[in-house]
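S.K.: Following this line is model14.txt, made up of compact mmCIF, C-alpha atoms:
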```txt
# COMPACT_ATOMS: atom_id res chain seq x y z
CA MET O 1 148.61 119.36 135.14
CA LEU O 2 148.13 115.69 136.17
CA LYS O 3 151.18 113.58 136.92
CA PRO O 4 151.64 110.23 135.05
CA LYS O 5 150.56 108.27 138.12
CA GLN O 6 147.40 110.35 138.44
CA ILE O 7 146.65 109.87 134.74
CA ASN O 8 146.94 106.09 135.12
CA ILE O 9 144.56 106.06 138.10
CA ALA O 10 142.03 108.18 136.20
CA ALA O 11 142.26 105.85 133.20
CA ILE O 12 141.76 102.81 135.41
CA TRP O 13 138.66 104.28 137.04
CA LYS O 14 137.33 105.25 133.62
CA ASN O 15 137.78 101.68 132.37
CA VAL O 16 136.11 100.28 135.50
CA LEU O 17 133.15 102.62 135.07
CA CYS O 18 132.78 101.62 131.40
CA LEU O 19 132.95 97.97 132.42
CA ILE O 20 130.20 98.43 135.00
CA ILE O 21 127.98 100.30 132.52
CA GLY O 22 128.56 97.68 129.84
CA PHE O 23 127.83 94.85 132.26
CA THR O 24 124.60 96.54 133.38
CA ILE O 25 123.45 97.09 129.80
CA GLY O 26 124.26 93.48 128.98
CA LEU O 27 122.20 92.18 131.89
CA TYR O 28 119.29 94.43 130.94
CA ALA O 29 119.46 93.35 127.29
CA THR O 30 119.50 89.69 128.34
CA PHE O 31 116.46 90.24 130.57
CA VAL O 32 114.60 91.95 127.73
CA TRP O 33 115.53 89.15 125.31
CA LEU O 34 114.27 86.50 127.74
CA ASN O 35 111.00 88.36 128.09
CA ASN O 36 110.39 88.79 124.34
CA GLY O 37 111.42 92.42 124.02
CA LEU O 38 110.38 95.82 125.26
CA PRO O 39 106.91 97.13 124.41
CA THR O 40 106.34 100.18 122.26
CA ALA O 41 103.16 102.05 121.41
CA ASN O 42 103.24 100.71 117.85
CA SER O 43 103.98 97.15 118.89
CA ILE O 44 101.14 97.22 121.41
CA LYS O 45 98.71 98.34 118.72
CA SER O 46 99.93 95.66 116.34
CA GLY O 47 99.61 93.02 119.04
CA SER O 48 103.19 91.83 118.51
CA LYS O 49 104.68 92.87 121.85
CA ARG O 50 103.52 93.25 125.42
CA SER O 51 103.34 96.01 127.97
CA ILE O 52 103.75 94.99 131.61
CA TYR O 53 102.34 96.51 134.77
CA ASN O 54 102.67 94.92 138.21
CA GLY O 55 103.93 91.77 136.52
CA ASN O 56 100.83 91.47 134.34
CA ILE O 57 99.93 92.20 130.74
CA SER O 58 98.48 95.66 130.11
CA ILE O 59 97.81 97.84 127.08
CA ASP O 60 99.11 101.15 125.89
CA GLN O 61 97.31 104.13 127.42
CA ASP O 62 96.49 105.47 123.97
CA VAL O 63 94.61 102.27 123.16
CA HIS O 64 92.57 102.70 126.34
CA ASN O 65 91.75 106.33 125.62
CA ASN O 66 91.03 105.89 121.92
CA THR O 67 88.99 102.69 122.15
CA ARG O 68 85.99 103.73 124.21
CA ILE O 69 83.67 100.89 125.15
CA LEU O 70 80.17 101.14 126.57
CA CYS O 71 79.25 97.91 128.37
CA TRP O 72 75.60 97.06 128.80
CA ILE O 73 74.64 94.13 130.99
CA LEU O 74 71.41 92.26 130.38
CA THR O 75 70.04 91.31 133.79
CA GLN O 76 66.78 90.80 135.71
CA PRO O 77 65.49 91.87 139.14
CA GLU O 78 66.32 88.63 140.95
CA ASN O 79 69.93 88.86 139.74
CA HIS O 80 70.60 92.52 140.53
CA LEU O 81 72.36 91.97 143.85
CA THR O 82 73.31 88.32 143.44
CA LYS O 83 75.04 88.46 140.04
CA ALA O 84 75.07 91.81 138.27
CA ILE O 85 76.48 93.82 141.17
CA HIS O 86 79.68 91.76 141.00
CA ILE O 87 80.34 92.99 137.47
CA ARG O 88 80.35 96.54 138.86
CA HIS O 89 82.90 95.45 141.47
CA THR O 90 85.17 93.66 139.00
CA TRP O 91 85.61 93.95 135.23
CA GLY O 92 82.83 96.52 134.74
CA ARG O 93 85.03 99.18 136.33
CA LYS O 94 87.19 99.13 133.21
CA CYS O 95 84.34 100.08 130.86
CA ASN O 96 84.13 103.71 129.76
CA LYS O 97 80.44 103.53 130.63
CA LEU O 98 78.56 100.70 132.35
CA LEU O 99 74.79 100.22 132.04
CA PHE O 100 72.55 97.57 133.61
CA ILE O 101 69.45 96.79 131.56
CA SER O 102 66.52 95.27 133.46
CA SER O 103 62.74 95.50 133.79
CA GLN O 104 62.76 97.16 137.22
CA GLU O 105 64.54 100.13 138.70
CA ASP O 106 67.11 99.43 141.38
CA SER O 107 68.83 102.31 143.13
CA ALA O 108 71.69 100.11 144.38
CA LEU O 109 72.57 98.88 140.89
CA GLN O 110 71.23 101.96 139.09
CA THR O 111 69.42 99.90 136.52
CA ILE O 112 67.71 101.11 133.39
CA ALA O 113 64.18 99.71 133.53
CA LEU O 114 62.67 98.85 130.16
CA PRO O 115 58.92 98.24 129.71
CA ILE O 116 59.25 94.54 129.00
CA MET O 117 58.40 91.31 130.77
CA GLU O 118 61.17 88.99 131.92
CA GLY O 119 61.71 85.51 130.50
CA ARG O 120 63.60 83.91 127.61
CA GLN O 121 60.67 84.49 125.26
CA HIS O 122 61.05 88.23 125.82
CA LEU O 123 64.84 88.44 125.52
CA TRP O 124 64.79 89.55 121.90
CA GLU O 125 62.37 92.41 122.51
CA LYS O 126 64.41 93.39 125.57
CA THR O 127 67.59 93.42 123.49
CA LYS O 128 65.98 95.49 120.75
CA LEU O 129 64.75 98.08 123.24
CA ALA O 130 68.15 98.17 124.93
CA LEU O 131 70.00 98.82 121.67
CA LYS O 132 67.56 101.57 120.72
CA TYR O 133 67.82 103.15 124.18
CA ILE O 134 71.62 103.16 123.98
CA TYR O 135 71.54 104.66 120.49
CA ASP O 136 69.13 107.41 121.60
CA ASN O 137 70.94 108.26 124.84
CA HIS O 138 74.58 107.17 124.66
CA PHE O 139 75.58 106.96 121.01
CA ASN O 140 78.39 109.51 121.35
CA ASP O 141 79.67 108.11 124.63
CA ALA O 142 81.59 105.23 123.07
CA ASP O 143 83.12 103.80 119.92
CA TRP O 144 82.05 100.22 120.61
CA PHE O 145 79.03 98.78 122.42
CA LEU O 146 79.46 95.52 124.33
CA LYS O 147 76.54 93.38 125.44
CA ALA O 148 77.17 90.80 128.17
CA ASP O 149 75.05 88.65 130.44
CA ASP O 150 75.24 89.00 134.21
CA ASP O 151 77.24 85.75 134.43
CA THR O 152 79.84 86.74 131.83
CA TYR O 153 83.38 87.87 132.65
CA VAL O 154 85.14 90.11 130.13
CA ILE O 155 88.87 90.84 130.06
CA MET O 156 88.61 94.46 128.98
CA GLU O 157 92.30 94.95 128.19
CA ASN O 158 92.20 92.14 125.63
CA LEU O 159 88.94 93.42 124.18
CA ARG O 160 90.35 96.94 123.75
CA LEU O 161 93.52 95.65 122.18
CA PHE O 162 91.51 93.53 119.72
CA LEU O 163 89.09 96.34 118.82
CA SER O 164 91.86 98.92 118.41
CA THR O 165 92.83 97.25 115.11
CA HIS O 166 89.32 97.56 113.61
CA PRO O 167 87.58 100.65 112.22
CA LEU O 168 84.62 101.82 114.28
CA ASN O 169 83.08 103.62 111.29
CA GLU O 170 82.35 100.36 109.49
CA PRO O 171 79.29 98.17 110.25
CA LEU O 172 80.96 95.34 112.20
CA TYR O 173 80.21 93.16 115.16
CA PHE O 174 82.28 90.55 116.95
CA GLY O 175 81.88 87.68 119.37
CA CYS O 176 81.95 83.89 119.36
CA LYS O 177 80.66 83.12 115.88
CA LEU O 178 78.10 80.32 115.68
CA GLN O 179 76.51 78.76 112.61
CA GLN O 180 72.78 78.14 112.36
CA HIS O 181 70.37 79.47 109.72
CA ILE O 182 72.61 82.45 108.91
CA LYS O 183 75.15 82.42 106.11
CA GLN O 184 77.70 84.71 107.77
CA GLY O 185 77.06 83.25 111.23
CA TYR O 186 75.93 85.04 114.38
CA MET O 187 77.48 85.83 117.73
CA SER O 188 76.74 83.89 120.90
CA GLY O 189 74.85 86.03 123.38
CA GLY O 190 76.40 84.37 126.40
CA ALA O 191 79.98 85.01 125.32
CA GLY O 192 79.09 88.65 124.76
CA TYR O 193 79.09 90.54 121.48
CA VAL O 194 80.30 93.99 120.57
CA LEU O 195 78.92 96.34 117.91
CA SER O 196 80.78 99.16 116.24
CA GLN O 197 79.27 102.62 116.36
CA LYS O 198 78.23 102.27 112.72
CA ALA O 199 76.62 98.87 113.35
CA LEU O 200 74.57 100.28 116.23
CA GLU O 201 73.47 103.22 114.09
CA LYS O 202 72.36 100.95 111.24
CA PHE O 203 70.40 98.73 113.64
CA ALA O 204 68.60 101.66 115.25
CA THR O 205 67.78 103.44 111.99
CA GLU O 206 67.27 100.54 109.56
CA ALA O 207 66.21 97.51 111.58
CA PHE O 208 64.53 98.47 114.85
CA ASP O 209 61.09 99.20 113.38
CA ASN O 210 61.52 97.21 110.17
CA LYS O 211 59.49 94.00 110.28
CA ILE O 212 60.95 92.88 106.95
CA VAL O 213 64.59 92.78 108.08
CA CYS O 214 63.77 92.01 111.72
CA SER O 215 60.84 89.64 111.99
CA ARG O 216 58.91 89.27 115.24
CA GLU O 217 59.13 85.49 115.09
CA TYR O 218 60.34 84.09 118.41
CA ARG O 219 63.92 82.92 118.19
CA ALA O 220 66.89 83.02 120.52
CA GLU O 221 67.99 86.62 121.12
CA ASP O 222 71.47 86.20 119.65
CA LEU O 223 70.21 84.35 116.57
CA GLN O 224 67.51 86.95 115.95
CA LEU O 225 69.99 89.80 116.22
CA GLY O 226 72.34 88.00 113.82
CA MET O 227 69.56 87.73 111.24
CA CYS O 228 68.69 91.42 111.57
CA LEU O 229 72.29 92.54 111.27
CA GLU O 230 72.99 90.36 108.24
CA ASN O 231 69.89 91.77 106.52
CA ILE O 232 71.13 95.35 106.91
CA GLY O 233 74.72 94.68 105.89
CA VAL O 234 76.43 94.50 109.27
CA VAL O 235 79.40 92.15 108.94
CA ALA O 236 79.92 89.33 111.43
CA GLY O 237 83.64 89.84 111.92
CA GLU O 238 86.36 87.32 112.71
CA SER O 239 87.52 87.38 116.30
CA ARG O 240 89.73 84.31 116.46
CA ASP O 241 93.46 84.82 116.90
CA ALA O 242 96.20 84.08 114.36
CA ASP O 243 96.28 80.44 115.48
CA GLY O 244 92.54 79.99 114.95
CA MET O 245 91.78 79.95 118.66
CA GLU O 246 88.61 81.53 120.04
CA ARG O 247 88.76 84.76 122.02
CA PHE O 248 85.08 84.94 123.03
CA ILE O 249 84.22 81.77 124.98
CA PRO O 250 80.52 80.97 125.62
CA LEU O 251 81.40 78.54 128.41
CA ALA O 252 83.15 78.60 131.78
CA PRO O 253 86.91 77.89 131.87
CA HIS O 254 86.38 74.50 133.54
CA ASP O 255 84.13 73.46 130.62
CA VAL O 256 86.75 74.14 127.97
CA MET O 257 90.02 73.35 129.72
CA PRO O 258 91.88 71.09 129.44
CA THR O 259 89.36 69.77 126.88
CA ILE O 260 86.04 71.08 125.59
CA ARG O 261 83.20 69.32 127.42
CA SER O 262 80.21 70.62 125.50
CA ASP O 263 78.37 68.94 122.63
CA TRP O 264 76.45 72.04 121.53
CA TYR O 265 79.51 74.25 121.39
CA ALA O 266 81.43 71.82 119.22
CA LYS O 267 78.44 71.52 116.87
CA LEU O 268 77.53 75.19 116.59
CA VAL O 269 80.89 76.99 116.60
CA TYR O 270 81.35 78.55 113.16
CA HIS O 271 84.89 77.26 112.74
CA GLU O 272 85.95 73.81 113.84
CA PRO O 273 88.20 74.13 116.89
CA THR O 274 91.87 73.76 116.01
CA LYS O 275 92.86 70.11 116.08
CA ASN O 276 95.08 68.89 118.91
CA VAL O 277 94.46 72.15 120.79
CA SER O 278 91.79 72.53 123.44
CA CYS O 279 91.18 76.10 124.57
CA CYS O 280 91.72 79.03 124.38
CA SER O 281 93.40 82.03 122.76
CA THR O 282 96.21 83.52 124.83
CA THR O 283 94.34 86.80 124.34
CA ALA O 284 90.94 85.44 125.37
CA ILE O 285 88.28 88.11 125.90
CA SER O 286 85.32 86.51 127.67
CA PHE O 287 83.94 83.48 129.52
CA HIS O 288 80.33 82.64 130.31
CA TYR O 289 78.35 80.75 132.98
CA LEU O 290 80.47 81.97 135.87
CA ILE O 291 79.34 82.22 139.48
CA PRO O 292 80.18 85.48 141.29
CA GLU O 293 82.99 83.91 143.33
CA GLU O 294 84.79 83.04 140.09
CA PHE O 295 84.79 86.71 139.08
CA TYR O 296 87.05 87.48 142.03
CA VAL O 297 89.28 84.48 141.39
CA ILE O 298 89.86 85.72 137.82
CA GLU O 299 90.50 89.24 139.12
CA TYR O 300 93.18 87.90 141.44
CA LEU O 301 94.86 85.77 138.77
CA LEU O 302 94.84 88.58 136.22
CA TYR O 303 95.64 91.65 138.27
CA LYS O 304 97.17 90.66 141.60
CA LEU O 305 99.12 87.44 141.12
CA LYS O 306 102.70 88.24 140.10
CA SER O 307 104.78 85.98 137.89
CA LEU O 308 108.42 86.41 136.89
CA ASN O 309 107.57 84.85 133.51
CA LEU O 310 111.10 83.54 133.07
CA TYR O 311 110.26 80.78 130.61
CA ASN O 312 108.61 82.72 127.75
```
What do you get writing this file as structure tokens?

M.R.:
Amino acid sequence: MLKPKQINIAAIWKNVLCLIIGFTIGLYATFVWLNNGLPTANSIKSGSKRSIYNGNISIDQDVHNNTRILCWILTQPENHLTKAIHIRHTWGRKCNKLLFISSQEDSALQTIALPIMEGRQHLWEKTKLALKYIYDNHFNDADWFLKADDDTYVIMENLRLFLSTHPLNEPLYFGCKLQQHIKQGYMSGGAGYVLSQKALEKFATEAFDNKIVCSREYRAEDLQLGMCLENIGVVAGESRDADGMERFIPLAPHDVMPTIRSDWYAKLVYHEPTKNVSCCSTTAISFHYLIPEEFYVIEYLLYKLKSLNLYN
């Protein structure tokens, strides 16, 4: 049996321990509050909270596993080892499957050579053949199918998070929506566009060989695809964020920040850019017209640079 003095000492230590635990919990709660809360699987999927790894924004593992993306890069022989290869070394590693579409085989890049001539006037036929090839050979390998140029950088975590809220069994496609000749708009090829599994299936089975819904008239590749998809009921989805800011950017960062320095973009973008705001969404997905060195700068800023983020 403990003596009164021993009981008092035990009580004191108990109170001290409780004080330490309470103080620790208080500090942790304050830290969480300053950093906008702890992430949960549901909050990640709803886009309301953040998950952090190495000081950077990440996504829930379930989103990564359940939002499979096949990335196909439209390139040409002269760009294989000067541009396209840098996608393999950077953001392309985060794709579930990565394909390089060209007109010549290249063992270093492991290209898929299509029987088509190079040049802007052949881009539409090249795109058509690429989509049909992917449907025939890789349809079950992914839920979404992303096309990008060899000078486009894609932030795959943001793309997955965005796509995870949309059904893959509906005919949808997303990108930077432009307006020209098409009622529902079409997606900029340079910013990259992504088709749902159902949209790819409809294109391959209803549009590929159909001259009525997909004319052979020469137009820009992205505009031509937009016409075909509208004619077969594929919806040009909305990819802007809740503040009306663009996620898919058809220009380089230095051409849109701090202000947009492009006449054609301002004229063709489907929705007028939000007034008094330059660019871009805080969950931006892609940028275009980048040189290879900029790929590695973005990689460093996104995945290596650490920030305490004390002011958000």

S.K.: Taking into account only C-alpha atoms, which residue in the set O:Lys183, O:Lys97, O:His89, O:Lys83 is nearest to Phe139 in chain O?

M.R.: O:Lys97

S.K.: Looking at O:Leu268, O:Ile182, O:Leu99, O:Ile291, which one is nearest to Tyr153 in chain O, with distances taken over all atoms listed in the file?

M.R.: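 The shortest atom-to-atom distance to Tyr153 in chain O comes from O:Ile291.
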
S.K.: Taking 6 positions as the minimum chain separation for residues in the same chain, which residues sit within 8 Å of range 185-194 of chain O when counting only C-alpha atoms? Answer as a PyMOL selection string.

M.R.: chain O and resi 144-149+152+173-179+221-223+225-227+236+248-251+270+286-289

S.K.: Need to verify the contact set: Glu299 in chain O, 10 Å, only C-alpha atoms, exclusion of same-chain residues closer than 3 positions in sequence. Can you return it as a ChimeraX atom specification?

M.R.: /O:90-91,153,155,294-296,302-305

S.K.: Excluding Asn158 in chain O and its own-chain neighbours fewer than 6 positions away, which residues fall within 7 Å of it when counting only C-alpha atoms? Please give them as a compact mmCIF listing (two decimals) with C-alpha atoms, in the coordinates of the input.

M.R.:
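Saved to result25.txt:
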```
# COMPACT_ATOMS: atom_id res chain seq x y z
CA THR O 283 94.34 86.80 124.34
CA ALA O 284 90.94 85.44 125.37
CA ILE O 285 88.28 88.11 125.90
```

S.K.: Considering all atoms listed in the file, can you say which of O:His181, O:Gln110, O:Ala252, O:Asp209 comes closest to Leu290 in chain O?

M.R.: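 When distances to Leu290 in chain O are compared using all atoms listed in the file, the smallest one comes from O:Ala252.
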
S.K.: What is the CA of Ser102 in chain O to CA of Gln76 in chain O distance in Å?

M.R.: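 So the two atoms, CA of Ser102 in chain O and CA of Gln76 in chain O, lie 5.0 Å apart.
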
S.K.: Find the residues around Phe203 in chain O up to 12 Å (only C-alpha atoms counted), leave out those fewer than 4 positions away in its own chain, and share them as a PyMOL selection string.

M.R.: chain O and resi 127-136+171-173+195-199+207-210+213-214+225-234

S.K.: Distance CA of Asn140 in chain O-CA of His122 in chain O, one decimal place?

M.R.: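 Pair CA of Asn140 in chain O / CA of His122 in chain O returns 27.8 Å.
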
S.K.: So what do you get for CA of Glu78 in chain O versus CA of Glu293 in chain O, distance-wise?

M.R.: 17.5 Å

S.K.: Kindly extract all protein, DNA and RNA residues lying within 8 Å of the coordinates (75.6, 95.9, 138.5) given in the file, considering only C-alpha atoms, and supply them as a ChimeraX atom specification.

M.R.: /O:73,80-81,83-89,99-100,109-111

S.K.: Using all atoms listed in the file, can you tell me which of O:Val235, O:Leu123, O:Val297, O:Val154 comes closest to Ala220 in chain O?

M.R.: O:Leu123
